[in-house]
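Comments concern the structure below.
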Amino acid sequence: DTGVSQDPRHKITKRGQNVTFRCDPISEHNRLYWYRQTLGQGPEFLTYFQNEAQLEKSRLLSDRFSAERPKGSFSTLEIQRTEQGDSAMYLCASSSLTGTANGYTFGSGTRLTVV
Amino acid sequence: SQELEQSPQSLIVQEGKNLTINCTSSKTLYGLYWYKQKYGEGLIFLMMLQKGGEEKSHEKITAKLDEKKQQSSLHITASQPSHAGIYLCGADRDSNDMRFGAGTRLTVKP
């Protein structure tokens, strides 16, 4: 297992278009998290899953955002009708249920630019 | 307002110098994490502190947790250019997700 994978690494899209990002967590990790990070800021929590159940969603996650983890493995984050303010790095992380003594394992992120 | 305040926001040091980065929480800490991030990359886990007074080291990086003050410090001894990056502190919340400070950008001049 090579860690948390995110695809694509970079995405440039026109305002108003829909985009979808994928995250493949570490296979034995039950929990999966999505964060958004803008320049000069720390990651901001968006949502998290325990297996296939979405257990918490941030107020940052507007109606245009939706996340799924259909079989408790990979997850997708979709942004509909993208706006320039959506430009950011979208980070995915995973962790095990038994504890986070080793922290969350993060992917390399997907950098979204909305033009 | 941020739950986690980091200071300083940025730091420039000469290679070989020691430095300290601080992280203060406005809420009760259940666990405090330190991560390092290179520009445009994901976060790399450094260490986690859970108990008051706990101190952990990894190579030349040492982190301490003062539970009463709800504060942690990260100390780098004899800094090297490879230490450059953004250092982020993160804290567990009782709802099982982690929140982060804004980060400290470290530049090490050779």
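Every chain in the structure tokens has a letter given in the order shown (A, B, ...), and although residue numbers restart at 1 in each chain, ligands are simply numbered from 1 in the order shown.
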Only residues of chain A matter here; which ones have an atom within 8 Å of chain B, counting only C-alpha atoms? Give them as a PDB file with N, CA, C and O atoms, in the first residue's frame.
ATOM      1  N   GLY A  40      -1.664  30.201   2.511  1.00  0.00           N
ATOM      2  CA  GLY A  40      -1.368  30.863   3.778  1.00  0.00           C
ATOM      3  C   GLY A  40      -2.237  30.422   4.938  1.00  0.00           C
ATOM      4  O   GLY A  40      -2.135  30.977   6.034  1.00  0.00           O
ATOM      5  N   GLN A  41      -3.080  29.433   4.698  1.00  0.00           N
ATOM      6  CA  GLN A  41      -3.966  28.946   5.764  1.00  0.00           C
ATOM      7  C   GLN A  41      -3.728  27.470   6.027  1.00  0.00           C
ATOM      8  O   GLN A  41      -3.193  26.758   5.182  1.00  0.00           O
ATOM      9  N   GLY A  42      -4.161  27.025   7.201  1.00  0.00           N
ATOM     10  CA  GLY A  42      -4.119  25.605   7.471  1.00  0.00           C
ATOM     11  C   GLY A  42      -5.294  24.913   6.807  1.00  0.00           C
ATOM     12  O   GLY A  42      -6.227  25.567   6.331  1.00  0.00           O
ATOM     13  N   PRO A  43      -5.276  23.589   6.747  1.00  0.00           N
ATOM     14  CA  PRO A  43      -6.401  22.860   6.162  1.00  0.00           C
ATOM     15  C   PRO A  43      -7.689  23.104   6.956  1.00  0.00           C
ATOM     16  O   PRO A  43      -7.670  23.117   8.185  1.00  0.00           O
ATOM     17  N   GLU A  44      -8.789  23.293   6.223  1.00  0.00           N
ATOM     18  CA  GLU A  44     -10.102  23.469   6.854  1.00  0.00           C
ATOM     19  C   GLU A  44     -10.923  22.208   6.623  1.00  0.00           C
ATOM     20  O   GLU A  44     -11.047  21.729   5.493  1.00  0.00           O
ATOM     21  N   PHE A  45     -11.492  21.715   7.698  1.00  0.00           N
ATOM     22  CA  PHE A  45     -12.272  20.484   7.632  1.00  0.00           C
ATOM     23  C   PHE A  45     -13.519  20.664   6.779  1.00  0.00           C
ATOM     24  O   PHE A  45     -14.236  21.656   6.906  1.00  0.00           O
ATOM     25  N   TYR A  48     -16.211  14.046   6.920  1.00  0.00           N
ATOM     26  CA  TYR A  48     -15.527  12.790   7.111  1.00  0.00           C
ATOM     27  C   TYR A  48     -16.477  11.604   7.096  1.00  0.00           C
ATOM     28  O   TYR A  48     -17.680  11.755   7.359  1.00  0.00           O
ATOM     29  N   MET A  89      -6.479  23.987  -2.569  1.00  0.00           N
ATOM     30  CA  MET A  89      -5.953  22.620  -2.553  1.00  0.00           C
ATOM     31  C   MET A  89      -6.970  21.786  -1.771  1.00  0.00           C
ATOM     32  O   MET A  89      -7.356  22.173  -0.653  1.00  0.00           O
ATOM     33  N   LEU A  91      -7.504  18.362   0.100  1.00  0.00           N
ATOM     34  CA  LEU A  91      -6.700  17.300   0.696  1.00  0.00           C
ATOM     35  C   LEU A  91      -7.597  16.206   1.236  1.00  0.00           C
ATOM     36  O   LEU A  91      -8.639  16.466   1.833  1.00  0.00           O
ATOM     37  N   ALA A 101      -2.886   7.605  17.015  1.00  0.00           N
ATOM     38  CA  ALA A 101      -1.570   7.855  17.581  1.00  0.00           C
ATOM     39  C   ALA A 101      -0.546   8.182  16.512  1.00  0.00           C
ATOM     40  O   ALA A 101       0.425   8.883  16.769  1.00  0.00           O
ATOM     41  N   ASN A 102      -0.790   7.703  15.288  1.00  0.00           N
ATOM     42  CA  ASN A 102       0.105   8.028  14.182  1.00  0.00           C
ATOM     43  C   ASN A 102      -0.480   9.112  13.289  1.00  0.00           C
ATOM     44  O   ASN A 102      -0.038   9.293  12.167  1.00  0.00           O
ATOM     45  N   GLY A 103      -1.476   9.814  13.795  1.00  0.00           N
ATOM     46  CA  GLY A 103      -2.044  10.918  13.042  1.00  0.00           C
ATOM     47  C   GLY A 103      -2.858  10.437  11.858  1.00  0.00           C
ATOM     48  O   GLY A 103      -3.091   9.255  11.672  1.00  0.00           O
ATOM     49  N   TYR A 104      -3.315  11.392  11.082  1.00  0.00           N
ATOM     50  CA  TYR A 104      -3.978  11.073   9.842  1.00  0.00           C
ATOM     51  C   TYR A 104      -2.901  10.973   8.772  1.00  0.00           C
ATOM     52  O   TYR A 104      -1.908  11.709   8.807  1.00  0.00           O
ATOM     53  N   THR A 105      -3.114  10.108   7.783  1.00  0.00           N
ATOM     54  CA  THR A 105      -2.217  10.041   6.637  1.00  0.00           C
ATOM     55  C   THR A 105      -2.849  10.836   5.508  1.00  0.00           C
ATOM     56  O   THR A 105      -3.974  10.551   5.100  1.00  0.00           O
ATOM     57  N   PHE A 106      -2.121  11.825   5.032  1.00  0.00           N
ATOM     58  CA  PHE A 106      -2.652  12.718   3.995  1.00  0.00           C
ATOM     59  C   PHE A 106      -2.161  12.319   2.618  1.00  0.00           C
ATOM     60  O   PHE A 106      -1.043  11.814   2.458  1.00  0.00           O
ATOM     61  N   GLY A 107      -3.015  12.573   1.617  1.00  0.00           N
ATOM     62  CA  GLY A 107      -2.604  12.491   0.234  1.00  0.00           C
ATOM     63  C   GLY A 107      -1.882  13.762  -0.174  1.00  0.00           C
ATOM     64  O   GLY A 107      -1.762  14.701   0.619  1.00  0.00           O
ATOM     65  N   SER A 108      -1.422  13.786  -1.414  1.00  0.00           N
ATOM     66  CA  SER A 108      -0.682  14.949  -1.920  1.00  0.00           C
ATOM     67  C   SER A 108      -1.595  16.090  -2.346  1.00  0.00           C
ATOM     68  O   SER A 108      -1.117  17.169  -2.656  1.00  0.00           O
ATOM     69  N   GLY A 109      -2.897  15.820  -2.368  1.00  0.00           N
ATOM     70  CA  GLY A 109      -3.844  16.890  -2.658  1.00  0.00           C
ATOM     71  C   GLY A 109      -4.174  17.039  -4.133  1.00  0.00           C
ATOM     72  O   GLY A 109      -3.449  16.571  -5.009  1.00  0.00           O
TER      73      GLY A 109
END
**OP:** Would you please extract all strand (DSSP E) residues from segment 27-78 of chain A, as assigned by DSSP on the backbone, and give them as a list in words?
**Re:** Arg31, Leu32, Tyr33, Trp34, Tyr35, Arg36, Gln37, Glu44, Phe45, Leu46, Thr47, Tyr48, Phe49, Gln50, Ala53, Gln54, Leu55, Glu56, Lys57, Phe65, Ser66, Ala67, Glu68, Ser75, Thr76, Leu77 and Glu78 of chain A
Selected residues written out with C-alpha atoms, as a PDB file, in the first residue's frame:
ATOM      1  CA  ARG A  31     -12.036   6.795   8.363  1.00  0.00           C
ATOM      2  CA  LEU A  32     -11.633   9.189   5.468  1.00  0.00           C
ATOM      3  CA  TYR A  33     -11.507  12.988   5.663  1.00  0.00           C
ATOM      4  CA  TRP A  34     -11.699  15.832   3.187  1.00  0.00           C
ATOM      5  CA  TYR A  35     -10.059  19.185   3.841  1.00  0.00           C
ATOM      6  CA  ARG A  36      -9.673  22.377   1.843  1.00  0.00           C
ATOM      7  CA  GLN A  37      -6.588  24.564   2.089  1.00  0.00           C
ATOM      8  CA  GLU A  44     -10.102  23.469   6.854  1.00  0.00           C
ATOM      9  CA  PHE A  45     -12.272  20.484   7.632  1.00  0.00           C
ATOM     10  CA  LEU A  46     -15.001  19.706   5.090  1.00  0.00           C
ATOM     11  CA  THR A  47     -16.375  16.269   5.913  1.00  0.00           C
ATOM     12  CA  TYR A  48     -15.527  12.790   7.111  1.00  0.00           C
ATOM     13  CA  PHE A  49     -16.638   9.217   6.623  1.00  0.00           C
ATOM     14  CA  GLN A  50     -16.496   6.185   8.811  1.00  0.00           C
ATOM     15  CA  ALA A  53     -21.306   6.610   6.432  1.00  0.00           C
ATOM     16  CA  GLN A  54     -20.793  10.363   6.210  1.00  0.00           C
ATOM     17  CA  LEU A  55     -20.697  11.345   9.877  1.00  0.00           C
ATOM     18  CA  GLU A  56     -20.010  15.050   9.830  1.00  0.00           C
ATOM     19  CA  LYS A  57     -20.173  17.900   7.370  1.00  0.00           C
ATOM     20  CA  PHE A  65     -20.421  20.240  -2.696  1.00  0.00           C
ATOM     21  CA  SER A  66     -21.126  16.558  -2.298  1.00  0.00           C
ATOM     22  CA  ALA A  67     -18.952  13.718  -1.110  1.00  0.00           C
ATOM     23  CA  GLU A  68     -19.506   9.998  -1.326  1.00  0.00           C
ATOM     24  CA  SER A  75     -14.234   8.548  -1.962  1.00  0.00           C
ATOM     25  CA  THR A  76     -15.225  11.252  -4.425  1.00  0.00           C
ATOM     26  CA  LEU A  77     -15.742  14.960  -3.836  1.00  0.00           C
ATOM     27  CA  GLU A  78     -17.829  16.765  -6.408  1.00  0.00           C
TER      28      GLU A  78
END
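We find atom CA of Val108 of chain B and atom CA of Glu15 of chain B to be spaced 5.6 Å apart.
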Original post:
Could you pull the residues within 7 Å of segment 8-10 of chain A, counting only C-alpha atoms, minus those fewer than 6 positions along the same chain, as a VMD selection string?
Top reply: chain A and resid 21 109 to 112
Subject >> Spatial neighbours of Thr113 of chain A, 7 Å, only C-alpha atoms, chain gap at least 2 places, as a PyMOL selection string >> reply: chain A and resi 11-13+87-88+111+115
Kindly save the residues from that selection, with all heavy atoms included, as an mmCIF file, in the first residue's frame.
data_model
loop_
_atom_site.group_PDB
_atom_site.id
_atom_site.type_symbol
_atom_site.label_atom_id
_atom_site.label_comp_id
_atom_site.auth_asym_id
_atom_site.auth_seq_id
_atom_site.Cartn_x
_atom_site.Cartn_y
_atom_site.Cartn_z
ATOM 1 N N LYS A 11 -6.200 20.531 -11.372
ATOM 2 C CA LYS A 11 -7.384 20.659 -12.213
ATOM 3 C C LYS A 11 -7.640 22.129 -12.455
ATOM 4 O O LYS A 11 -7.737 22.914 -11.504
ATOM 5 C CB LYS A 11 -8.598 20.021 -11.521
ATOM 6 C CG LYS A 11 -9.893 20.132 -12.297
ATOM 7 C CD LYS A 11 -9.905 19.224 -13.495
ATOM 8 C CE LYS A 11 -11.234 19.308 -14.229
ATOM 9 N NZ LYS A 11 -11.225 18.454 -15.444
ATOM 10 N N ILE A 12 -7.719 22.500 -13.732
ATOM 11 C CA ILE A 12 -8.105 23.866 -14.095
ATOM 12 C C ILE A 12 -9.470 23.771 -14.766
ATOM 13 O O ILE A 12 -9.645 22.968 -15.691
ATOM 14 C CB ILE A 12 -7.079 24.510 -15.042
ATOM 15 C CG1 ILE A 12 -5.713 24.570 -14.362
ATOM 16 C CG2 ILE A 12 -7.531 25.915 -15.440
ATOM 17 C CD1 ILE A 12 -4.590 25.048 -15.271
ATOM 18 N N THR A 13 -10.405 24.554 -14.291
ATOM 19 C CA THR A 13 -11.746 24.473 -14.852
ATOM 20 C C THR A 13 -12.325 25.870 -15.009
ATOM 21 O O THR A 13 -11.892 26.819 -14.342
ATOM 22 C CB THR A 13 -12.663 23.625 -13.959
ATOM 23 O OG1 THR A 13 -13.888 23.354 -14.643
ATOM 24 C CG2 THR A 13 -12.997 24.335 -12.650
ATOM 25 N N SER A 87 -11.299 27.861 -5.722
ATOM 26 C CA SER A 87 -9.889 27.589 -6.017
ATOM 27 C C SER A 87 -9.146 27.348 -4.710
ATOM 28 O O SER A 87 -9.164 28.188 -3.799
ATOM 29 C CB SER A 87 -9.263 28.775 -6.758
ATOM 30 O OG SER A 87 -9.856 28.944 -8.016
ATOM 31 N N ALA A 88 -8.526 26.184 -4.603
ATOM 32 C CA ALA A 88 -7.864 25.781 -3.357
ATOM 33 C C ALA A 88 -7.193 24.444 -3.599
ATOM 34 O O ALA A 88 -7.350 23.824 -4.646
ATOM 35 C CB ALA A 88 -8.879 25.647 -2.218
ATOM 36 N N ARG A 111 -5.018 20.248 -6.560
ATOM 37 C CA ARG A 111 -5.070 21.718 -6.627
ATOM 38 C C ARG A 111 -6.071 22.126 -7.691
ATOM 39 O O ARG A 111 -5.899 21.794 -8.864
ATOM 40 C CB ARG A 111 -3.695 22.301 -6.937
ATOM 41 C CG ARG A 111 -3.717 23.830 -6.979
ATOM 42 C CD ARG A 111 -2.323 24.423 -7.021
ATOM 43 N NE ARG A 111 -1.577 24.189 -5.806
ATOM 44 C CZ ARG A 111 -1.753 24.843 -4.664
ATOM 45 N NH1 ARG A 111 -2.659 25.788 -4.570
ATOM 46 N NH2 ARG A 111 -0.997 24.572 -3.616
ATOM 47 N N VAL A 115 -11.104 29.353 -13.340
ATOM 48 C CA VAL A 115 -10.799 30.572 -14.114
ATOM 49 C C VAL A 115 -12.078 31.173 -14.721
ATOM 50 O O VAL A 115 -13.101 30.505 -14.805
ATOM 51 C CB VAL A 115 -9.771 30.279 -15.224
ATOM 52 C CG1 VAL A 115 -8.455 29.839 -14.608
ATOM 53 C CG2 VAL A 115 -10.297 29.240 -16.207
#
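For the residues A:Cys92, A:Leu60, A:Ile79, A:Leu39, ranking by smallest atom-to-atom distance to Pro25 of chain A using only C-alpha atoms places A:Cys92 first.
Residues within 8 Å of Asn22 of chain B, counting only C-alpha atoms and excluding same-chain residues fewer than 6 positions away, are Gln6, Ser7, Pro8, Gln71, Ser72, Ser73 and Leu74 of chain B.
When only C-alpha atoms are used to measure the gap to Gly85 of chain B, the shortest distance among B:Thr107, B:Ser10, B:Thr62, B:Asn18 belongs to B:Thr107.
Rounded to one decimal, atom CA of Leu97 of chain A and atom CA of Glu28 of chain A lie 9.5 Å from each other.
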